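Engineer: Can you read through this structure? Questions will come right after.
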Amino acid sequence: MLAMMPAKCQNWQLFRLRWKILENVDFVYECVFENVDVKKTLLAEIDRLVGPNTIMASSTSCIMPSLLSESLKNRHNFLVAHPINPPTLIKLVEIVPAPWTEKGVVGRVKSLMEQLGQKPVCMIKEADGFALNRVQYAVVNACWSLVKEGLLSPEDVDNVMLFGLGPRYACLGAFQVMHLNAPGGFSDYMRRYGDTLRRVSGDIGQEIDYDQNTQEVISSYLYSQIPGEQIPNRLRQRDEFLKKAQKLKTD
C-alpha cells in the first residue's frame, strides 16, 4: 500500500484524522513544497506513525537527505526520490540515500519506480545538487561564461543547446556520444581528443584529471552496451532519431 503526502491540504484538521492509514503502508512519499522546516515537521509526524518496515521518501530537488532524516527514528528507511519536472513526461527519478539508509531500501524504491514506468538512477552517496542538477549547473555555468566573456549572445547560447547538444543528448548519453564519435569507440575517442579535453577544460577553469582508472570504468560500461562492431548500426539509429526529432521541431 502506498501513501502519498499531498503538496497542499486546505483542511489540515481533516487530514490529521487520516494519519491512521500510515500504520500499515509500505511506502510514504512526501511531496510538500521545498521548505526544510515544513518537510522536517511533516516527516517527523510520519516517522512517529509508520511501522518499522515502512519506507519514507521525499521528492525534494535539492535538500540533502541527511538533513531531512537526521532526527528520524526510522531514518534507515528514508531516502530522496526526486522526480524531474514535468514528472508526467520525464521518466527520470533520482534516488539519493542518506549515509544511514539501508541498501535494501534503495533497491526496493528502485524496483517500485520501475514498476511505475519511471527510469530511476541511484546515487551511491548523497551530494549537493544530486546528479541532474550537478550536470545541469555545469552546463548553465558554461553558458553563462560564454555570455559574460563576450563570446556569444544569449540567443546563440540557447541555439547551441537547441540545435546542437540538445538533439544529440536527446538520443545519447554524454559518454555514448563520445563512444560513437570515434571509429574505435570511447578508447579511440580519448586517444584522439583527450588532449583537447584537457586543454579546453583548463581554459574554462574546470581542470579535470581524466585518469586511467575512471576511463577504464567508463570504457567497460560502454563496450558492454555498444560493442565496437555495433557502433555503425547505432550511428544509423542515431541518425534516424535525429531526422524524426528535426521533423517534430519543424512541425
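FYI, nothing fancy with the C-alpha cells labels: chains A, B, ... in order, residues from 1 per chain, ligands from 1 as they appear.
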Give me the residues near Gly185 in chain A as a ChimeraX atom specification, where near means some atom within 8 Å (using only C-alpha atoms) and where sequence neighbours in that chain fewer than 6 positions away do not count.
Structural biologist: /A:178-179,223,228,231
Engineer: Could you pull the residues within 12 Å of Gly107 in chain A, counting only C-alpha atoms, minus those fewer than 6 positions along the same chain, as a PyMOL selection string?
Structural biologist: chain A and resi 55+77+79+95-97+101+113-114+120-124
Engineer: Just want the 8 Å neighbourhood of Lys40 in chain A, counted on only C-alpha atoms, with same-chain residues fewer than 3 positions away dropped. Output as a list in words.
Structural biologist: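 In the requested form, the answer reads Val36, Asp37, Leu43, Ala44, Leu68 and Ser69 of chain A.
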Engineer: Using only C-alpha atoms, which residues sit within 10 Å of Ala182 in chain A once same-chain residues fewer than 5 positions away are excluded, as a PyMOL selection string?
Structural biologist: chain A and resi 177+187-193+231
Engineer: With N, CA, C and O atoms retained, export the selected residues as a compact mmCIF listing (two decimals), in the first residue's frame.
Structural biologist:
```
# COMPACT_ATOMS: atom_id res chain seq x y z
N VAL A 177 27.85 9.58 -26.56
CA VAL A 177 28.25 10.50 -27.62
C VAL A 177 29.74 10.34 -27.91
O VAL A 177 30.16 10.26 -29.08
N SER A 187 37.65 4.43 -26.23
CA SER A 187 39.11 4.42 -26.06
C SER A 187 39.78 5.18 -27.20
O SER A 187 40.74 5.94 -26.98
N ASP A 188 39.26 4.98 -28.39
CA ASP A 188 39.76 5.70 -29.57
C ASP A 188 39.51 7.19 -29.43
O ASP A 188 40.37 8.03 -29.77
N TYR A 189 38.33 7.54 -28.91
CA TYR A 189 37.99 8.95 -28.69
C TYR A 189 39.00 9.60 -27.75
O TYR A 189 39.48 10.71 -28.01
N MET A 190 39.30 8.94 -26.64
CA MET A 190 40.23 9.52 -25.67
C MET A 190 41.63 9.66 -26.25
O MET A 190 42.34 10.63 -25.95
N ARG A 191 42.04 8.73 -27.08
CA ARG A 191 43.35 8.85 -27.74
C ARG A 191 43.37 10.04 -28.69
O ARG A 191 44.36 10.77 -28.75
N ARG A 192 42.29 10.24 -29.42
CA ARG A 192 42.23 11.31 -30.40
C ARG A 192 42.02 12.68 -29.77
O ARG A 192 42.62 13.67 -30.19
N TYR A 193 41.13 12.74 -28.76
CA TYR A 193 40.67 14.04 -28.28
C TYR A 193 40.98 14.30 -26.81
O TYR A 193 40.55 15.32 -26.27
N ILE A 231 28.85 -0.27 -33.39
CA ILE A 231 28.87 1.19 -33.49
C ILE A 231 28.24 1.69 -34.79
O ILE A 231 27.42 2.62 -34.77
```
